[in-house]
Each structure stands twice: as structure tokens, then as C-alpha cells.
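Undergrad: Here it is, the structure, as C-alpha cells.
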There are 2 protein chains.
Amino acid sequence: MMKHNSENCRSNCPINFVLETFGDKWTLLIIRDLMFKRKKHYGEFLQSDENIATNILASRLRRLEDHGVITRSADPANAAKRLYNLTAKGKGLLPIMLEINAWSAKHDTLTNTPEEFSRRLKVDKEAVIAEVLSALD
Amino acid sequence: MMKHNSENCRSNCPINFVLETFGDKWTLLIIRDLMFKRKKHYGEFLQSDENIATNILASRLRRLEDHGVITRSADPANAAKRLYNLTAKGKGLLPIMLEINAWSAKHDTLTNTPEEFSRRLKVDKEAVIAEVLSALD
DNA sequence: TTATTTCACTTGCAAAAAGCAAGTGGCTGG
DNA sequence: CCAGCCACTTGCTTTTTGCAAGTGAAATAA
């Protein structure tokens, strides 16, 4: 796994720390797919609405693996496929993702987040966290 | 203020919604400076550790204003200066920022977040939110 | 067993964005 | 009125993105 040191980062600010891994238009969409849409294969990430290019996807998956956020492994069901999964570090991003969700639900009138989900998130965030995490295995 | 519609965005996913505004290596650092470091002037943003280029800073400030996250106004104390401030929408990013802080504090051994701050964040997040917000005026 | 298709990538090239250094023009303090 | 500060803009180089096509290993179909 990649180390965080003075050669490869701009500062030791915690906001900057996440930007070094997630500061682009695509990486967080992969996390979303892994976390909420149960996607695990390269081809599934390619099919998301935002249309990520295949070379960008490959480079982002490699970076996430380098940073210890996801793992890449052989798929026992099909040797031509690879399985991508969140590590504990990756799963730890869930509270951030949920706050992002809440902010967008509030400020984007076109958001496709179901009202029911936003409501449950407001009422009992911990329950939503537990539920999403339990679906990840 | 800019509208969110099908011509200028890739999808109506809430994660994607924030990426349209904050999906780059610099924008969130400006929010950090406004929110936690009480910076309000162009020259102050330029002086942060990460060394943002002046043309990039100008374009990001304009984008944030276009998206209704900050305001730009004359500084009554000095007509050569401009004042940048968070709007209510911008202040609403605070829970996201705090979760980012918590994640980095946990996963970055070099983080410069004081332990004291992380501890208080864990113990009483709402109090930290109230405190940061009250310092914003 | 061979042929075709699926899958996870890589490669090459054009377009866009970032990075850097220098310049501009209003305002201020002396 | 002039030197310096302040918030930018401009021009150019380098890096990153975006798009289309290609590759090779493994599955599936004939």
C-alpha cells in the first residue's frame, strides 16, 4: 500500500488527505457503486449512468487499491473476471457518503434519492449505516 | 445561480451532484479555509500550504459563487479587497467536512488534526457543529 | 476442437484542464 | 502623485482526460 509522506502530498491537512485519493470527478462514483449498488466487477462500473471511460476506470481502480480502499481478487465463479471489494478503510467512507447524500437531497431538486431513504437517514442514521454495511458481504 | 439540468450534468445521483461542484483537487480546500480558518480574502486563500495557482483559485471561486455556495462582496474596510463568505448552502457542507476529518484522522498517521478536536468530534458532534457555525459571522 | 464472444484491461491520439510566470488595472497609504 | 498592494487575467507548457480501437486470456457455443 502507498504511504502518505512529504514527497507525494501537498500538506497534512485531513481535507487534503482525502483529496489526494478522491479529488476528481470519478473516484467517488466507484465507491458509490461498491457501497450502494453492490457492483463488484469492472464491467458493472463501466455501465453506470455517468459513462466513465475504460482507461480512467482502470487507473482509478488501481489508485484505490494502492491506497488500501479496495481489494482486487480473482472471481472464484469465473476466472476471466475480477472481484473488487471495499476494505475496512473503504467501508469507513460510509458516513461521508451519507452526509453527501443528505446535502444533495436538500440542495438538488432533481436528486434521484428516494424520499423514504432521506427520511430514514434523518431519523436514524446509525440504523442506515448498519443496514448498508450488512449488505456488503 | 446555475441550474442543475440534464445539459450540464451527468446524472441525478446525489454523489454525482457534489462532484459537479467539488470534484477536483482544490475546491474543498477553499471551503476548508472559509469554514475552519476564517479566511475571507483572495490573498489568504493563495497563502495556504497546498499552493493553489492564482488562475485556478479565481476559476474555483467563480464556480462556487455560480453554484450558490459562496458570496463575493465588497469589503467595507478596504475597497481594493473582496469578501468571500459561505452561504447557508455552503455552511451546510459542515457535516461532510467533519466526517472527512474523522476519516482522515483515523487513516492518516500524519494528519495535523489535533487529537483534542477528534475526541470532541466523537463525543459530541452537534456541539462542534454549533461552535464552528457560530464562529462564521 | 475450433470459433465466437465476454471480460478486463492497454494503447494512441486529440482535446481539455492544470501549472507556472508575467502582466494589468483599480485602490490605498504616504 | 507615486509606490505598493490587491484581485485578478493572459499566454504558454505540461499533465490529465476523453474517446476509439486494439489485445490477450478465459468462457461459451457449434
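Labels used: A, B, ... for chains in the order of the C-alpha cells, numbers from 1 for residues in each chain, and numbers from 1 for ligands as shown.
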Mind checking which residues fall within 12 Å of Asp137 (chain B), counting only C-alpha atoms (C1' of nucleotides), ignoring those fewer than 5 positions away in the same chain, and posting them as a list in words?
TA: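 Selected residues are Leu34, Met35, Arg38, Lys39, Lys40, Tyr84, Asn85, Leu86, Thr87, Ala88, Lys91, Glu131 and Val132 of chain B.
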Undergrad: Write out, as a short mmCIF file (atom, residue, chain, number, x, y, z; two decimals), in the first residue's frame, the residues just selected, with all heavy atoms.
TA:
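Listing of out_0.cif after writing:
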```cif
data_model
loop_
_atom_site.label_atom_id
_atom_site.label_comp_id
_atom_site.auth_asym_id
_atom_site.auth_seq_id
_atom_site.Cartn_x
_atom_site.Cartn_y
_atom_site.Cartn_z
N LEU B 34 -12.50 28.75 4.41
CA LEU B 34 -13.63 29.60 4.80
C LEU B 34 -14.24 29.12 6.12
O LEU B 34 -14.62 29.91 6.98
CB LEU B 34 -14.72 29.57 3.72
CG LEU B 34 -14.44 30.38 2.46
CD1 LEU B 34 -15.34 29.92 1.32
CD2 LEU B 34 -14.66 31.87 2.74
N MET B 35 -14.31 27.80 6.25
CA MET B 35 -15.06 27.21 7.35
C MET B 35 -14.27 27.12 8.64
O MET B 35 -14.76 27.44 9.72
CB MET B 35 -15.51 25.81 6.92
CG MET B 35 -16.73 25.28 7.59
SD MET B 35 -17.28 23.78 6.75
CE MET B 35 -18.69 24.36 5.83
N ARG B 38 -11.27 30.73 8.92
CA ARG B 38 -11.82 32.10 8.90
C ARG B 38 -11.20 32.99 7.83
O ARG B 38 -11.12 34.21 7.99
CB ARG B 38 -11.67 32.75 10.27
CG ARG B 38 -12.69 32.17 11.26
CD ARG B 38 -12.30 32.46 12.67
NE ARG B 38 -12.73 31.35 13.53
CZ ARG B 38 -12.50 31.27 14.83
NH1 ARG B 38 -11.84 32.23 15.43
NH2 ARG B 38 -12.91 30.24 15.52
N LYS B 39 -10.73 32.39 6.78
CA LYS B 39 -10.20 33.20 5.67
C LYS B 39 -11.37 33.75 4.87
O LYS B 39 -12.39 33.09 4.70
CB LYS B 39 -9.30 32.34 4.79
CG LYS B 39 -8.05 31.85 5.52
CD LYS B 39 -7.08 31.15 4.59
CE LYS B 39 -5.86 30.68 5.39
NZ LYS B 39 -4.87 30.01 4.53
N LYS B 40 -11.18 34.96 4.37
CA LYS B 40 -12.25 35.63 3.63
C LYS B 40 -11.74 36.35 2.39
O LYS B 40 -12.52 36.81 1.56
CB LYS B 40 -12.96 36.65 4.53
CG LYS B 40 -13.75 36.02 5.67
CD LYS B 40 -14.55 37.06 6.41
CE LYS B 40 -15.46 36.44 7.48
NZ LYS B 40 -16.24 35.27 7.02
N TYR B 84 -15.16 37.07 0.66
CA TYR B 84 -15.81 35.82 0.29
C TYR B 84 -16.41 35.20 1.53
O TYR B 84 -15.75 35.11 2.57
CB TYR B 84 -14.81 34.87 -0.36
CG TYR B 84 -14.37 35.35 -1.73
CD1 TYR B 84 -13.21 36.07 -1.90
CD2 TYR B 84 -15.17 35.09 -2.83
CE1 TYR B 84 -12.83 36.54 -3.16
CE2 TYR B 84 -14.79 35.55 -4.10
CZ TYR B 84 -13.63 36.27 -4.24
OH TYR B 84 -13.27 36.72 -5.49
N ASN B 85 -17.66 34.76 1.43
CA ASN B 85 -18.35 34.15 2.57
C ASN B 85 -19.16 32.94 2.14
O ASN B 85 -19.64 32.88 1.00
CB ASN B 85 -19.30 35.16 3.22
CG ASN B 85 -18.59 36.10 4.16
OD1 ASN B 85 -18.15 35.73 5.24
ND2 ASN B 85 -18.44 37.36 3.72
N LEU B 86 -19.34 32.01 3.06
CA LEU B 86 -20.20 30.86 2.80
C LEU B 86 -21.66 31.27 2.86
O LEU B 86 -22.06 32.03 3.74
CB LEU B 86 -19.95 29.77 3.84
CG LEU B 86 -18.61 29.05 3.75
CD1 LEU B 86 -18.35 28.27 5.04
CD2 LEU B 86 -18.56 28.12 2.55
N THR B 87 -22.47 30.76 1.94
CA THR B 87 -23.92 30.90 2.03
C THR B 87 -24.45 29.83 2.99
O THR B 87 -23.68 28.99 3.48
CB THR B 87 -24.56 30.67 0.66
OG1 THR B 87 -24.23 29.33 0.26
CG2 THR B 87 -24.05 31.65 -0.37
N ALA B 88 -25.76 29.81 3.21
CA ALA B 88 -26.36 28.74 4.03
C ALA B 88 -26.06 27.38 3.39
O ALA B 88 -25.71 26.41 4.08
CB ALA B 88 -27.87 28.95 4.15
N LYS B 91 -22.52 26.56 4.22
CA LYS B 91 -22.38 26.15 5.62
C LYS B 91 -22.92 24.75 5.85
O LYS B 91 -22.45 24.03 6.73
CB LYS B 91 -23.12 27.14 6.52
CG LYS B 91 -22.49 28.53 6.57
CD LYS B 91 -23.34 29.50 7.39
CE LYS B 91 -22.80 30.93 7.27
NZ LYS B 91 -23.68 31.92 7.94
N GLU B 131 -20.45 25.15 17.36
CA GLU B 131 -19.30 26.01 17.63
C GLU B 131 -18.69 26.56 16.34
O GLU B 131 -18.42 27.77 16.23
CB GLU B 131 -18.27 25.18 18.40
CG GLU B 131 -17.11 25.96 18.93
CD GLU B 131 -16.16 25.02 19.67
OE1 GLU B 131 -16.65 24.12 20.40
OE2 GLU B 131 -14.94 25.18 19.50
N VAL B 132 -18.48 25.69 15.37
CA VAL B 132 -17.91 26.14 14.10
C VAL B 132 -18.84 27.14 13.42
O VAL B 132 -18.39 28.19 12.94
CB VAL B 132 -17.61 24.95 13.16
CG1 VAL B 132 -17.16 25.44 11.79
CG2 VAL B 132 -16.56 24.03 13.77
#
```
Undergrad: Quick one: residues within 9 Å of DT28 (chain C), only C-alpha atoms (C1' of nucleotides), excluding same-chain residues fewer than 6 positions away - as JSON, numbers by chain?
TA: {"B": [78, 79, 80], "D": [4, 5]}
Undergrad: Using only C-alpha atoms (C1' of nucleotides), find which residues of chain D lie within 9 Å of chain A and jot them down as a VMD selection string.
TA: chain D and resid 17 to 19 25 to 27
Undergrad: Enumerate as a count of residues only the residues belonging to chain C that approach chain A to within 9 Å, with only C-alpha atoms (C1' of nucleotides) taken into account.
TA: 5
Undergrad: May I ask you to extract the residues of chain B within 10 Å of chain A, using only C-alpha atoms, and to give them as JSON, numbers by chain?
TA: {"B": [3, 4, 5, 6, 9, 10, 11, 12, 13, 14, 15, 16, 17, 18, 19, 20, 21, 22, 23, 24, 25, 26, 27, 28, 29, 31, 32, 48, 49, 50, 51, 89, 90, 92, 93, 94, 95, 96, 97, 98, 99, 100, 101, 102, 103, 104, 105, 106, 107, 108, 109, 110, 111, 112, 113]}
Undergrad: Please list as a PDB file with C-alpha atoms (C1' of nucleotides), in the first residue's frame every residue within 10 Å of DT11 (chain C), counting only C-alpha atoms (C1' of nucleotides) and excluding residues in the same chain fewer than 2 positions away.
TA:
```
ATOM      1  CA  ASN A  55      -8.860   3.768 -19.228  1.00  0.00           C
TER       2      ASN A  55
ATOM      3  C1'  DC C  13      -4.038  10.368 -30.255  1.00  0.00           C
TER       4       DC C  13
ATOM      5  C1'  DA D  21      -9.628   0.982 -31.286  1.00  0.00           C
ATOM      6  C1'  DG D  22      -6.901  -2.998 -30.068  1.00  0.00           C
ATOM      7  C1'  DT D  23      -5.151  -7.131 -27.188  1.00  0.00           C
TER       8       DT D  23
END
```
Undergrad: If we count only C-alpha atoms (C1' of nucleotides) and set the cut-off at 12 Å, which residues sit around DA30 (chain D), ignoring sequence neighbours fewer than 2 positions away in its own chain? Please answer as a ChimeraX atom specification.
TA: /C:1-4 /D:28
Undergrad: Could the residues in this selection be written to a file with N, CA and C atoms (P, O5', C5', C4', C3', O3' and C1' of nucleotides), as a PDB file, in the first residue's frame?
TA:
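part_3.pdb, freshly written:
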```pdb
ATOM      1  P    DT C   1      -8.877 -31.487 -28.842  1.00  0.00           P
ATOM      2  O5'  DT C   1     -10.032 -31.940 -29.896  1.00  0.00           O
ATOM      3  C5'  DT C   1      -9.920 -31.929 -31.323  1.00  0.00           C
ATOM      4  C4'  DT C   1     -10.494 -30.673 -31.952  1.00  0.00           C
ATOM      5  C3'  DT C   1      -9.643 -29.430 -31.743  1.00  0.00           C
ATOM      6  O3'  DT C   1      -9.481 -28.811 -33.021  1.00  0.00           O
ATOM      7  C1'  DT C   1     -11.866 -28.938 -31.158  1.00  0.00           C
ATOM      8  P    DT C   2      -8.364 -27.890 -33.554  1.00  0.00           P
ATOM      9  O5'  DT C   2      -9.270 -26.811 -34.308  1.00  0.00           O
ATOM     10  C5'  DT C   2     -10.476 -27.194 -34.953  1.00  0.00           C
ATOM     11  C4'  DT C   2     -11.500 -26.085 -34.826  1.00  0.00           C
ATOM     12  C3'  DT C   2     -10.916 -24.663 -34.903  1.00  0.00           C
ATOM     13  O3'  DT C   2     -11.526 -24.032 -36.012  1.00  0.00           O
ATOM     14  C1'  DT C   2     -12.494 -24.837 -33.137  1.00  0.00           C
ATOM     15  P    DA C   3     -11.411 -22.521 -36.362  1.00  0.00           P
ATOM     16  O5'  DA C   3     -12.730 -21.969 -35.676  1.00  0.00           O
ATOM     17  C5'  DA C   3     -14.030 -22.396 -36.128  1.00  0.00           C
ATOM     18  C4'  DA C   3     -15.048 -21.420 -35.560  1.00  0.00           C
ATOM     19  C3'  DA C   3     -14.673 -19.951 -35.761  1.00  0.00           C
ATOM     20  O3'  DA C   3     -15.854 -19.246 -36.098  1.00  0.00           O
ATOM     21  C1'  DA C   3     -14.844 -20.425 -33.425  1.00  0.00           C
ATOM     22  P    DT C   4     -15.901 -17.670 -36.282  1.00  0.00           P
ATOM     23  O5'  DT C   4     -16.599 -17.217 -34.907  1.00  0.00           O
ATOM     24  C5'  DT C   4     -17.817 -17.857 -34.491  1.00  0.00           C
ATOM     25  C4'  DT C   4     -18.262 -17.270 -33.158  1.00  0.00           C
ATOM     26  C3'  DT C   4     -18.180 -15.744 -33.077  1.00  0.00           C
ATOM     27  O3'  DT C   4     -19.413 -15.266 -32.550  1.00  0.00           O
ATOM     28  C1'  DT C   4     -17.026 -16.722 -31.252  1.00  0.00           C
TER      29       DT C   4
ATOM     30  P    DT D  28     -19.354 -19.810 -18.903  1.00  0.00           P
ATOM     31  O5'  DT D  28     -20.311 -19.518 -20.164  1.00  0.00           O
ATOM     32  C5'  DT D  28     -20.019 -18.505 -21.131  1.00  0.00           C
ATOM     33  C4'  DT D  28     -20.307 -19.023 -22.534  1.00  0.00           C
ATOM     34  C3'  DT D  28     -21.158 -20.292 -22.601  1.00  0.00           C
ATOM     35  O3'  DT D  28     -22.398 -19.967 -23.238  1.00  0.00           O
ATOM     36  C1'  DT D  28     -19.311 -20.397 -24.109  1.00  0.00           C
TER      37       DT D  28
END
```
Undergrad: When DSSP is applied to the backbone of this structure, which of chain A are assigned strand (DSSP E or B)? Write them out as a list in words.
TA: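 The strand (DSSP E or B) residues within chain A come out as Ile70, Thr71, Arg72, Ser73, Ala74, Asp75, Asn78, Ala79, Ala80, Lys81, Arg82, Leu83, Tyr84, Asn85 and Leu86 of chain A.
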Undergrad: Report, in Å to a single decimal, how far apart C1' of DA14 (chain C) and C1' of DA20 (chain D) are.
TA: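 Pair C1' of DA20 (chain D) / C1' of DA14 (chain C) returns 11.1 Å.
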Undergrad: Have a look at CA of Leu46 (chain A) and CA of Arg72 (chain A) and let me know their distance in Å, one decimal.
TA: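 Between these atoms lies a distance of 16.1 Å.
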Undergrad: Within chain B, find each residue whose DSSP state, derived from the backbone, is alpha helix (DSSP H), and express the selection as a PyMOL selection string.
TA: chain B and resi 14-22+27-36+42-46+54-66+88-91+94-107+115-123+125-134
